[in-house]
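Colleague: Dumping the structure here so I can ask a few things about it.
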Amino acid sequence: MFHKIRYAALAVLALSLVAPAAAEAPDTTNSTAPLVAALLGDTPMIDDVQYLTDAIGGRVTGTPANLKAVDWAMARFEQAGIAATKAPFMMERRWTERSTTTVIEGGEVPFSPRAVAKFDSAPTSAAGLTAKIVDVGKGGKDTFKAAGKSILGAWVLIETEETRDIDGLFAEYGQAAEVEPRALQAGAAGIVFMSSRPSGLLYRLSAQSPVRGKIPVIIIERAEAARIQRLLAGGGDLAMTAIVDVETGPAFESFNVIGEIPGGDLKDEIVVIGAHLDSHGLGSGANDNGVNAGMVLDIARQMKQLNIQPRRTIRFALWNGEEQGFIGSWRYVEERDQEMESHVMAMSVDIGSGRINGFFTNGRGGELDSILDSALAPVSGLGPFDYFDEPIVGTDNFDFMIGGVANLVANHESASYGPNYHAETDTFDKVDQRQLRLNAAIIAAVATEFANADITLPRQTRRQINRLVETTNMKAEMKSFGIYEAWKAGDRGRK
């Protein structure tokens with residue numbers, strides 16, 4: 001009973017912040033206010049998120065848990081009376097970690113830091129890889145040059161800054177993209193990253209790089225990496241034996257889950273609201289991204305229960321393969337190239353359960369800002385909201401963006417997202433349940449406006465997209481995720 005009273009109080013509070021015009025709108029078919037009220041009430045959203053993260057847990061694409069999550073999502077859409085499709089696509093290869101162990105020798109007493117393999121790390125033999133450790137600081141050109149031939153056949157240790165927020169995450173991906181090819185070229189046998197998280201916390205980096213599958217790449221706990229640095233700085237010689245046991249395999253089939261509420265007079269035009277269903281195996285994928293998968297599902301459920309009839313068709317996408325390079329959303333765009341002409345907007349929600357404080361408009365702010373102003377007016381009391389027109393690379397908006405479709409990414413206050421990103425601690429207890437409901441109201445308001453407003457958002461040409469790539473930080477971000485070359489070659493994005 002308590003949780004029902006609490007959610008009712010939340011609904012009353014939030015609706016007191018809703019702009020009067022929205023609250024008075026007589027047309028319940030298209031009005032935002034009834035949908036906002038429903039989402040702030042006692043819906044199954046929190047229970048869905050808990051089931052997805054606690055009962056199913058980590059959902060690496062291709063694992064039994066991931067397939068279980070797909071079937072669960074299909075069932076939840078169908079229980080809500082929403083037509084849903086289990087849409088197949090091919091993943092290029094299988095990679096999952098079984099275990100990674102280490103032993104450091106050369107000091108007075110051997111010690112064994114906890115470690116995990118980076119996504120796409122090469123495995124070692126069953127006996128492991130034993131080699132000396134060379135500290136190259138943060139892995140800059142000068143430190144590699146100074147280390148010279150000592151790197152040949154060695155493990156290189158890379159120092160990182162402690163990650164506290166989303167900016168730190170992008171900096172970390174950028175550092176890895178520069179350091180890994182440098183280490184490979186210098187002849188390193190393997191790469192050891194200092195964990196960027198405190199207190200022994202382990203996490204998995206997932207961005208692809210030219211090193212993928214060529215040498216082992218691991219992450220060890222921060223305090224023990226600092227210990228290794230001190231011992232080496234004191235003149236000691238250390239060697240590490242690491243056993244990296246991973247399962248690899250050929251291409252395999254995975255699935256997106258796409259729910260749909262058909263539109264009315266503009267039913268051939270499509271608005272996509274998406275969040276990724278998969279996660280990494282550390283932790284249970286709560287803030288990345290179970291919370292927003294549950295949100296997308298609940299927005300669809302409440303629209304159906306309220307018998308809301310949008311003018312445009314809304315597709316509620318639960319993507320798969322996001323952690324391996326946004327593969328599911330890429331395949332969706334690739335397979336529907338001609339249909340992209342009728343996609344009005346695609347939105348991705350993927351930065352946890354902190355307060356939504358605005359949106360990335362990804363180079364199309366001139367077209368999208370005024371629409372967002374109208375969309376957010378009914379929930380203005382949940383703001384303020386800012387718009388950021390720089391393109392963001394790193395989630396499922398990406399292939400819509402390079403496919404020329406107007407796209408948005410919700411920006412969130414970091415809250416607990418940064419420190420727990422891809423980490424063992426990304427668990428249900430870190431979810432801000434109250435804020436998740438408020439965020440759902442914000443996303444629903446935006447979805448409703450784009451589905452109903454009199455707007456025209458033409459698909460961009462490759463030349464227009466390339467201008468965005470070349471005149472912003474987008475190229476560097478694409479390189480840090482290992483996807484720039486595919487764009488450059490014309491294998492990915494608008495032809």
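In the structure tokens, each chain is lettered A, B, ... as it comes, each chain's residues begin at 1, and ligands are numbered from 1 in order of appearance.
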So which bits of stretch 206-303 of chain A end up strand (DSSP E or B) when you DSSP the backbone, as a short mmCIF file (atom, residue, chain, number, x, y, z; two decimals) with N, CA and C atoms, in the first residue's frame?
Modeller:
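Output contents, as saved in part38.cif:
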```
data_model
loop_
_atom_site.label_atom_id
_atom_site.label_comp_id
_atom_site.auth_asym_id
_atom_site.auth_seq_id
_atom_site.Cartn_x
_atom_site.Cartn_y
_atom_site.Cartn_z
N VAL A 217 44.15 -7.78 -23.58
CA VAL A 217 43.99 -6.46 -22.97
C VAL A 217 43.14 -6.65 -21.71
N ILE A 218 43.69 -6.27 -20.56
CA ILE A 218 42.97 -6.49 -19.30
C ILE A 218 42.93 -5.21 -18.48
N ILE A 219 42.05 -5.21 -17.48
CA ILE A 219 41.90 -4.10 -16.54
C ILE A 219 42.08 -4.68 -15.14
N ILE A 220 42.98 -4.07 -14.35
CA ILE A 220 43.18 -4.57 -12.99
C ILE A 220 42.80 -3.48 -11.99
N ALA A 239 57.11 -9.25 -13.11
CA ALA A 239 56.51 -9.98 -14.24
C ALA A 239 55.10 -10.37 -13.85
N MET A 240 54.25 -10.48 -14.86
CA MET A 240 52.87 -10.89 -14.61
C MET A 240 52.53 -12.08 -15.47
N THR A 241 51.86 -13.04 -14.84
CA THR A 241 51.23 -14.13 -15.58
C THR A 241 49.72 -13.90 -15.52
N ALA A 242 49.13 -13.75 -16.67
CA ALA A 242 47.67 -13.56 -16.74
C ALA A 242 47.07 -14.67 -17.58
N ILE A 243 46.01 -15.24 -17.08
CA ILE A 243 45.24 -16.24 -17.82
C ILE A 243 43.90 -15.60 -18.20
N VAL A 244 43.72 -15.38 -19.48
CA VAL A 244 42.50 -14.75 -20.00
C VAL A 244 41.72 -15.82 -20.74
N ASP A 245 40.61 -16.23 -20.16
CA ASP A 245 39.78 -17.30 -20.72
C ASP A 245 38.51 -16.68 -21.28
N VAL A 246 38.41 -16.61 -22.59
CA VAL A 246 37.22 -16.05 -23.23
C VAL A 246 36.66 -17.03 -24.24
N GLU A 247 35.35 -16.91 -24.45
CA GLU A 247 34.69 -17.70 -25.47
C GLU A 247 34.53 -16.84 -26.72
N THR A 248 35.04 -17.31 -27.82
CA THR A 248 34.87 -16.59 -29.08
C THR A 248 34.20 -17.53 -30.08
N GLY A 249 33.60 -16.93 -31.09
CA GLY A 249 32.91 -17.75 -32.07
C GLY A 249 32.50 -16.94 -33.28
N PHE A 252 26.51 -14.83 -35.29
CA PHE A 252 25.34 -15.50 -34.72
C PHE A 252 24.15 -14.55 -34.80
N GLU A 253 22.98 -15.11 -34.63
CA GLU A 253 21.75 -14.33 -34.73
C GLU A 253 21.37 -13.75 -33.37
N SER A 254 21.01 -12.47 -33.38
CA SER A 254 20.46 -11.84 -32.20
C SER A 254 19.15 -11.16 -32.59
N PHE A 255 18.54 -10.44 -31.63
CA PHE A 255 17.20 -9.90 -31.88
C PHE A 255 17.02 -8.53 -31.22
N ASN A 256 16.47 -7.59 -31.98
CA ASN A 256 15.85 -6.41 -31.39
C ASN A 256 14.40 -6.74 -31.07
N VAL A 257 13.81 -6.00 -30.16
CA VAL A 257 12.39 -6.13 -29.88
C VAL A 257 11.74 -4.79 -30.20
N ILE A 258 10.81 -4.78 -31.14
CA ILE A 258 10.19 -3.55 -31.62
C ILE A 258 8.69 -3.59 -31.38
N GLY A 259 8.21 -2.76 -30.46
CA GLY A 259 6.78 -2.59 -30.27
C GLY A 259 6.29 -1.40 -31.10
N GLU A 260 5.03 -1.42 -31.46
CA GLU A 260 4.54 -0.36 -32.35
C GLU A 260 3.11 0.04 -32.01
N ILE A 261 2.89 1.34 -31.97
CA ILE A 261 1.54 1.89 -31.91
C ILE A 261 1.31 2.61 -33.24
N LEU A 266 -1.02 10.39 -40.28
CA LEU A 266 0.36 10.38 -40.77
C LEU A 266 1.04 9.04 -40.43
N LYS A 267 0.28 7.96 -40.56
CA LYS A 267 0.77 6.66 -40.09
C LYS A 267 2.02 6.18 -40.81
N ASP A 268 2.28 6.67 -42.03
CA ASP A 268 3.46 6.23 -42.77
C ASP A 268 4.73 6.92 -42.29
N GLU A 269 4.59 7.94 -41.45
CA GLU A 269 5.74 8.61 -40.87
C GLU A 269 6.01 7.98 -39.50
N ILE A 270 7.30 7.87 -39.15
CA ILE A 270 7.68 7.05 -38.00
C ILE A 270 8.54 7.84 -37.03
N VAL A 271 8.22 7.70 -35.75
CA VAL A 271 9.03 8.22 -34.66
C VAL A 271 9.53 7.03 -33.86
N VAL A 272 10.83 6.96 -33.61
CA VAL A 272 11.43 5.85 -32.87
C VAL A 272 11.89 6.33 -31.50
N ILE A 273 11.47 5.62 -30.47
CA ILE A 273 11.92 5.87 -29.10
C ILE A 273 12.61 4.60 -28.64
N GLY A 274 13.91 4.67 -28.34
CA GLY A 274 14.64 3.44 -28.08
C GLY A 274 15.57 3.48 -26.88
N ALA A 275 15.85 2.30 -26.37
CA ALA A 275 16.84 2.08 -25.32
C ALA A 275 17.39 0.67 -25.52
N HIS A 276 18.63 0.44 -25.14
CA HIS A 276 19.18 -0.90 -25.40
C HIS A 276 18.90 -1.86 -24.26
#
```
Colleague: What residues in stretch 327-368 of chain A get the DSSP label alpha helix (DSSP H)? Please answer as an MDAnalysis selection string.
Modeller: chainID A and resid 327:335 365:368
Colleague: Keeping only N, CA and C atoms, write the selected residues to a file as a compact mmCIF listing (two decimals), in the first residue's frame.
Modeller:
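Written output follows (again19.txt):
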```txt
# COMPACT_ATOMS: atom_id res chain seq x y z
N ILE A 327 25.12 -2.44 -32.74
CA ILE A 327 24.91 -3.31 -33.90
C ILE A 327 23.43 -3.45 -34.23
N GLY A 328 22.58 -3.65 -33.23
CA GLY A 328 21.16 -3.86 -33.51
C GLY A 328 20.52 -2.67 -34.19
N SER A 329 20.80 -1.46 -33.70
CA SER A 329 20.23 -0.26 -34.34
C SER A 329 20.87 -0.02 -35.70
N TRP A 330 22.14 -0.35 -35.85
CA TRP A 330 22.79 -0.25 -37.17
C TRP A 330 22.07 -1.13 -38.18
N ARG A 331 21.81 -2.39 -37.80
CA ARG A 331 21.15 -3.31 -38.73
C ARG A 331 19.72 -2.84 -39.05
N TYR A 332 19.04 -2.28 -38.06
CA TYR A 332 17.70 -1.75 -38.30
C TYR A 332 17.76 -0.68 -39.38
N VAL A 333 18.67 0.27 -39.26
CA VAL A 333 18.78 1.37 -40.22
C VAL A 333 19.23 0.84 -41.58
N GLU A 334 20.20 -0.06 -41.57
CA GLU A 334 20.75 -0.60 -42.81
C GLU A 334 19.68 -1.35 -43.61
N GLU A 335 18.88 -2.15 -42.91
CA GLU A 335 17.87 -2.97 -43.60
C GLU A 335 16.67 -2.14 -44.08
N GLY A 365 20.23 21.28 -34.18
CA GLY A 365 19.56 22.13 -33.22
C GLY A 365 18.70 23.20 -33.86
N GLY A 366 19.13 23.71 -35.01
CA GLY A 366 18.35 24.73 -35.69
C GLY A 366 16.95 24.26 -36.04
N GLU A 367 16.80 22.98 -36.29
CA GLU A 367 15.50 22.40 -36.63
C GLU A 367 14.75 21.88 -35.40
N LEU A 368 15.50 21.37 -34.42
CA LEU A 368 14.88 20.63 -33.32
C LEU A 368 14.59 21.46 -32.09
```
Colleague: Go through A:Asp165, A:Asp42, A:Asp369, A:Asp265 and flag the residue nearest A:Asp389, using only C-alpha atoms for the distances.
Modeller: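 Going through A:Asp165, A:Asp42, A:Asp369, A:Asp265 one by one, the smallest distance to A:Asp389 is for A:Asp369.
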Colleague: As an exercise, work out the distance from atom CA of A:Phe170 to atom CA of A:Val291 in Å and give it to one decimal place.
Modeller: 21.2 Å
Colleague: Quick one, how far is atom CA of A:Ser480 from atom CA of A:Thr101?
Modeller: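 Here the two named atoms are 27.1 Å from each other.
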Colleague: Using only C-alpha atoms for the distances, tell me which of A:Pro262, A:Gly294, A:Gly200, A:Gly168 is nearest to A:Gly418.
Modeller: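 Counting only C-alpha atoms, the residue closest to A:Gly418 is A:Gly168.
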Colleague: Pick from A:Trp319, A:Trp72, A:Phe481, A:Trp95: nearest to A:Gln175, with only C-alpha atoms counted?
Modeller: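 Smallest separation from A:Gln175 among the options: A:Phe481.
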Colleague: I need the residue nearest A:Pro378 from this list: A:Ser348, A:Asn411, A:Thr448, A:Thr160. Use only C-alpha atoms for the distance.
Modeller: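 Counting only C-alpha atoms, the residue closest to A:Pro378 is A:Thr448.
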Colleague: Using 8 Å as the limit and counting only C-alpha atoms, can you tabulate each residue of stretch 253-322 of chain A that touches stretch 34-40 of chain A, with its shortest atom-to-atom distance in Å and the two atoms involved, as a tab-separated table?
Modeller:
```
residue	atom	partner	partner_atom	distance
A:Asp298	CA	A:Leu39	CA	7.5
A:Ile299	CA	A:Leu39	CA	7.1
A:Gln302	CA	A:Ala38	CA	6.6
A:Met303	CA	A:Leu35	CA	6.6
A:Leu306	CA	A:Leu35	CA	7.4
```
Colleague: Go ahead and save the residues from that selection, with N, CA and C atoms, as a PDB file, in the first residue's frame.
Modeller:
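Dumped to result.pdb:
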```pdb
ATOM      1  N   ASP A 298       7.216   1.000 -20.604  1.00  0.00           N
ATOM      2  CA  ASP A 298       6.092   1.531 -19.846  1.00  0.00           C
ATOM      3  C   ASP A 298       5.400   2.683 -20.557  1.00  0.00           C
ATOM      4  N   ILE A 299       6.156   3.505 -21.280  1.00  0.00           N
ATOM      5  CA  ILE A 299       5.517   4.565 -22.061  1.00  0.00           C
ATOM      6  C   ILE A 299       4.577   3.950 -23.091  1.00  0.00           C
ATOM      7  N   GLN A 302       1.430   2.582 -21.253  1.00  0.00           N
ATOM      8  CA  GLN A 302       0.475   3.597 -20.803  1.00  0.00           C
ATOM      9  C   GLN A 302      -0.239   4.268 -21.974  1.00  0.00           C
ATOM     10  N   MET A 303       0.449   4.461 -23.079  1.00  0.00           N
ATOM     11  CA  MET A 303      -0.212   5.008 -24.264  1.00  0.00           C
ATOM     12  C   MET A 303      -1.322   4.068 -24.731  1.00  0.00           C
ATOM     13  N   LEU A 306      -4.324   4.138 -22.340  1.00  0.00           N
ATOM     14  CA  LEU A 306      -5.091   5.380 -22.465  1.00  0.00           C
ATOM     15  C   LEU A 306      -5.737   5.524 -23.834  1.00  0.00           C
TER      16      LEU A 306
END
```
Colleague: With distances taken over only C-alpha atoms, which of A:Ala445, A:Lys430, A:Gly106, A:Leu205 is nearest to A:Gly174?
Modeller: A:Leu205
Colleague: So the first atom is atom CA of A:Ala75 and the second is atom CA of A:Ile314; what is the distance between them in Å, to one decimal place?
Modeller: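 So the two atoms, atom CA of A:Ala75 and atom CA of A:Ile314, lie 18.8 Å apart.
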Colleague: List the spatial neighbours of A:Ile443 as a ChimeraX atom specification - criterion: any atom at most 12 Å away, only C-alpha atoms, same-chain residues fewer than 2 positions off excluded.
Modeller: /A:32,35-36,39,272-275,292,295-300,316,347-350,355-359,372,375-376,378-379,382,408-412,436-441,445-450
Colleague: Now that the selection is made, can you save its residues with N, CA and C atoms as a compact mmCIF listing (two decimals), in the first residue's frame?
Modeller:
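Dumped everything to selection38.txt:
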```txt
# COMPACT_ATOMS: atom_id res chain seq x y z
N THR A 32 -0.77 15.43 -23.68
CA THR A 32 0.35 14.91 -22.89
C THR A 32 -0.06 14.66 -21.45
N LEU A 35 -1.10 11.17 -20.11
CA LEU A 35 0.02 10.22 -20.20
C LEU A 35 1.02 10.47 -19.09
N VAL A 36 1.34 11.74 -18.84
CA VAL A 36 2.25 12.09 -17.75
C VAL A 36 1.69 11.59 -16.42
N LEU A 39 2.08 7.79 -16.08
CA LEU A 39 3.47 7.35 -15.87
C LEU A 39 3.97 7.65 -14.47
N VAL A 272 10.83 6.96 -33.61
CA VAL A 272 11.43 5.85 -32.87
C VAL A 272 11.89 6.33 -31.50
N ILE A 273 11.47 5.62 -30.47
CA ILE A 273 11.92 5.87 -29.10
C ILE A 273 12.61 4.60 -28.64
N GLY A 274 13.91 4.67 -28.34
CA GLY A 274 14.64 3.44 -28.08
C GLY A 274 15.57 3.48 -26.88
N ALA A 275 15.85 2.30 -26.37
CA ALA A 275 16.84 2.08 -25.32
C ALA A 275 17.39 0.67 -25.52
N ASN A 292 16.11 2.35 -18.63
CA ASN A 292 15.48 3.02 -19.77
C ASN A 292 14.79 2.04 -20.71
N MET A 295 11.59 1.94 -19.03
CA MET A 295 10.86 3.18 -19.28
C MET A 295 10.18 3.15 -20.65
N VAL A 296 10.93 2.77 -21.68
CA VAL A 296 10.36 2.73 -23.04
C VAL A 296 9.16 1.79 -23.07
N LEU A 297 9.29 0.64 -22.45
CA LEU A 297 8.19 -0.31 -22.42
C LEU A 297 6.97 0.28 -21.71
N ASP A 298 7.22 1.00 -20.60
CA ASP A 298 6.09 1.53 -19.85
C ASP A 298 5.40 2.68 -20.56
N ILE A 299 6.16 3.50 -21.28
CA ILE A 299 5.52 4.56 -22.06
C ILE A 299 4.58 3.95 -23.09
N ALA A 300 5.05 2.90 -23.76
CA ALA A 300 4.19 2.22 -24.73
C ALA A 300 2.95 1.65 -24.05
N PHE A 316 8.65 1.57 -30.51
CA PHE A 316 9.33 1.50 -29.22
C PHE A 316 10.39 0.40 -29.34
N MET A 347 15.03 8.72 -31.13
CA MET A 347 15.58 9.16 -29.85
C MET A 347 16.13 7.97 -29.09
N SER A 348 17.27 8.17 -28.45
CA SER A 348 17.88 7.15 -27.62
C SER A 348 17.96 7.65 -26.18
N VAL A 349 17.62 6.77 -25.24
CA VAL A 349 17.71 7.10 -23.81
C VAL A 349 18.66 6.08 -23.18
N ASP A 350 19.83 6.54 -22.71
CA ASP A 350 20.89 5.59 -22.38
C ASP A 350 21.92 6.14 -21.39
N ARG A 355 18.54 12.83 -13.33
CA ARG A 355 17.56 13.76 -13.91
C ARG A 355 17.89 14.09 -15.35
N ILE A 356 16.91 14.01 -16.23
CA ILE A 356 17.08 14.47 -17.61
C ILE A 356 17.10 15.99 -17.58
N ASN A 357 18.25 16.55 -17.97
CA ASN A 357 18.40 18.01 -17.92
C ASN A 357 18.46 18.64 -19.31
N GLY A 358 18.19 17.83 -20.34
CA GLY A 358 18.19 18.37 -21.69
C GLY A 358 18.40 17.27 -22.72
N PHE A 359 18.76 17.70 -23.93
CA PHE A 359 18.90 16.75 -25.04
C PHE A 359 20.07 17.15 -25.94
N LEU A 372 11.44 20.97 -29.50
CA LEU A 372 11.66 20.57 -28.11
C LEU A 372 11.06 21.57 -27.14
N ALA A 375 7.52 20.65 -27.01
CA ALA A 375 7.36 19.34 -26.38
C ALA A 375 7.50 19.41 -24.87
N LEU A 376 8.45 20.21 -24.41
CA LEU A 376 8.78 20.23 -22.99
C LEU A 376 7.96 21.24 -22.20
N PRO A 378 4.76 21.33 -21.52
CA PRO A 378 3.85 20.72 -20.53
C PRO A 378 4.54 20.17 -19.29
N VAL A 379 5.86 19.92 -19.37
CA VAL A 379 6.58 19.40 -18.21
C VAL A 379 7.70 20.36 -17.80
N LEU A 382 9.60 20.29 -14.53
CA LEU A 382 10.61 19.25 -14.27
C LEU A 382 11.98 19.66 -14.79
N LEU A 408 17.81 12.43 -31.39
CA LEU A 408 18.01 13.02 -30.07
C LEU A 408 18.60 11.99 -29.12
N VAL A 409 19.39 12.46 -28.17
CA VAL A 409 19.81 11.64 -27.04
C VAL A 409 19.50 12.42 -25.78
N ALA A 410 18.77 11.80 -24.87
CA ALA A 410 18.48 12.45 -23.59
C ALA A 410 19.77 12.61 -22.80
N ASN A 411 20.00 13.80 -22.26
CA ASN A 411 21.14 14.04 -21.40
C ASN A 411 20.68 13.98 -19.94
N HIS A 412 21.47 13.33 -19.10
CA HIS A 412 21.09 13.15 -17.71
C HIS A 412 22.16 13.72 -16.79
N LEU A 436 13.37 8.22 -12.16
CA LEU A 436 13.05 7.45 -13.35
C LEU A 436 11.62 7.74 -13.81
N ARG A 437 10.69 7.85 -12.87
CA ARG A 437 9.31 8.17 -13.25
C ARG A 437 9.19 9.58 -13.81
N LEU A 438 9.91 10.52 -13.23
CA LEU A 438 9.89 11.88 -13.76
C LEU A 438 10.51 11.91 -15.15
N ASN A 439 11.58 11.15 -15.34
CA ASN A 439 12.20 11.07 -16.67
C ASN A 439 11.24 10.48 -17.69
N ALA A 440 10.47 9.49 -17.27
CA ALA A 440 9.49 8.89 -18.18
C ALA A 440 8.48 9.93 -18.65
N ALA A 441 8.06 10.81 -17.75
CA ALA A 441 7.14 11.87 -18.12
C ALA A 441 7.75 12.79 -19.17
N ALA A 445 6.52 13.20 -23.08
CA ALA A 445 6.13 14.50 -23.62
C ALA A 445 6.81 14.76 -24.96
N VAL A 446 8.09 14.42 -25.04
CA VAL A 446 8.83 14.61 -26.30
C VAL A 446 8.30 13.69 -27.38
N ALA A 447 8.08 12.43 -27.04
CA ALA A 447 7.56 11.48 -28.02
C ALA A 447 6.21 11.93 -28.56
N THR A 448 5.34 12.40 -27.67
CA THR A 448 4.00 12.83 -28.08
C THR A 448 4.06 14.00 -29.05
N GLU A 449 4.95 14.97 -28.78
CA GLU A 449 5.05 16.13 -29.66
C GLU A 449 5.54 15.74 -31.04
N PHE A 450 6.59 14.94 -31.10
CA PHE A 450 7.12 14.55 -32.41
C PHE A 450 6.13 13.66 -33.17
```
Colleague: Contacts between stretch 132-152 of chain A and stretch 199-279 of chain A, please, where a residue of stretch 199-279 of chain A counts if it comes within 12 Å (with only C-alpha atoms); show its shortest atom pair and distance in Å to one decimal, rows by chain and ascending number, as a tab-separated table.
Modeller:
```
residue	atom	partner	partner_atom	distance
A:Ala225	CA	A:Asp135	CA	9.9
A:Ala226	CA	A:Asp135	CA	10.4
A:Arg227	CA	A:Asp135	CA	11.6
A:Ile228	CA	A:Asp135	CA	8.6
A:Gln229	CA	A:Asp135	CA	6.7
A:Arg230	CA	A:Asp135	CA	10.0
A:Leu231	CA	A:Asp135	CA	10.4
A:Leu232	CA	A:Asp135	CA	7.4
A:Ala233	CA	A:Asp135	CA	8.7
A:Gly235	CA	A:Val134	CA	11.6
A:Gly236	CA	A:Ile133	CA	10.3
A:Asp237	CA	A:Lys132	CA	7.4
A:Leu238	CA	A:Lys132	CA	5.7
A:Ala239	CA	A:Lys132	CA	3.9
A:Met240	CA	A:Lys132	CA	6.2
A:Thr241	CA	A:Lys132	CA	8.9
A:Ala242	CA	A:Lys132	CA	11.3
```
Colleague: Restrict the calculation to only C-alpha atoms, then for each residue of stretch 255-316 of chain A with any atom at most 6 Å from an atom of stretch 50-59 of chain A give the closest atom pair and their distance in Å to one decimal, rows by chain and rising residue number, as a tab-separated table.
Modeller:
```
residue	atom	partner	partner_atom	distance
A:Asp278	CA	A:Arg59	CA	5.0
A:Ser279	CA	A:Arg59	CA	4.8
A:His280	CA	A:Gly58	CA	5.9
A:Gly281	CA	A:Gly58	CA	4.6
A:Ser284	CA	A:Gly58	CA	4.2
A:Gly285	CA	A:Gly58	CA	5.5
A:Ala286	CA	A:Thr53	CA	5.6
```
Colleague: Could you dump the residues just selected with C-alpha atoms as a PDB file, in the first residue's frame?
Modeller:
```pdb
ATOM      1  CA  ASP A 278      21.665  -5.712 -23.587  1.00  0.00           C
ATOM      2  CA  SER A 279      24.346  -5.018 -20.990  1.00  0.00           C
ATOM      3  CA  HIS A 280      27.794  -6.196 -20.054  1.00  0.00           C
ATOM      4  CA  GLY A 281      28.203  -9.159 -17.749  1.00  0.00           C
ATOM      5  CA  SER A 284      23.280  -6.525 -13.705  1.00  0.00           C
ATOM      6  CA  GLY A 285      22.945  -3.708 -16.222  1.00  0.00           C
ATOM      7  CA  ALA A 286      20.614  -1.549 -14.139  1.00  0.00           C
TER       8      ALA A 286
END
```
Colleague: Given the choices A:Lys118, A:Arg98, A:Arg315, A:His422, which gets closest to A:Ala176 if the distance is worked out from only C-alpha atoms?
Modeller: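 Looking only at the distances to A:Ala176, the closest residue turns out to be A:Lys118.
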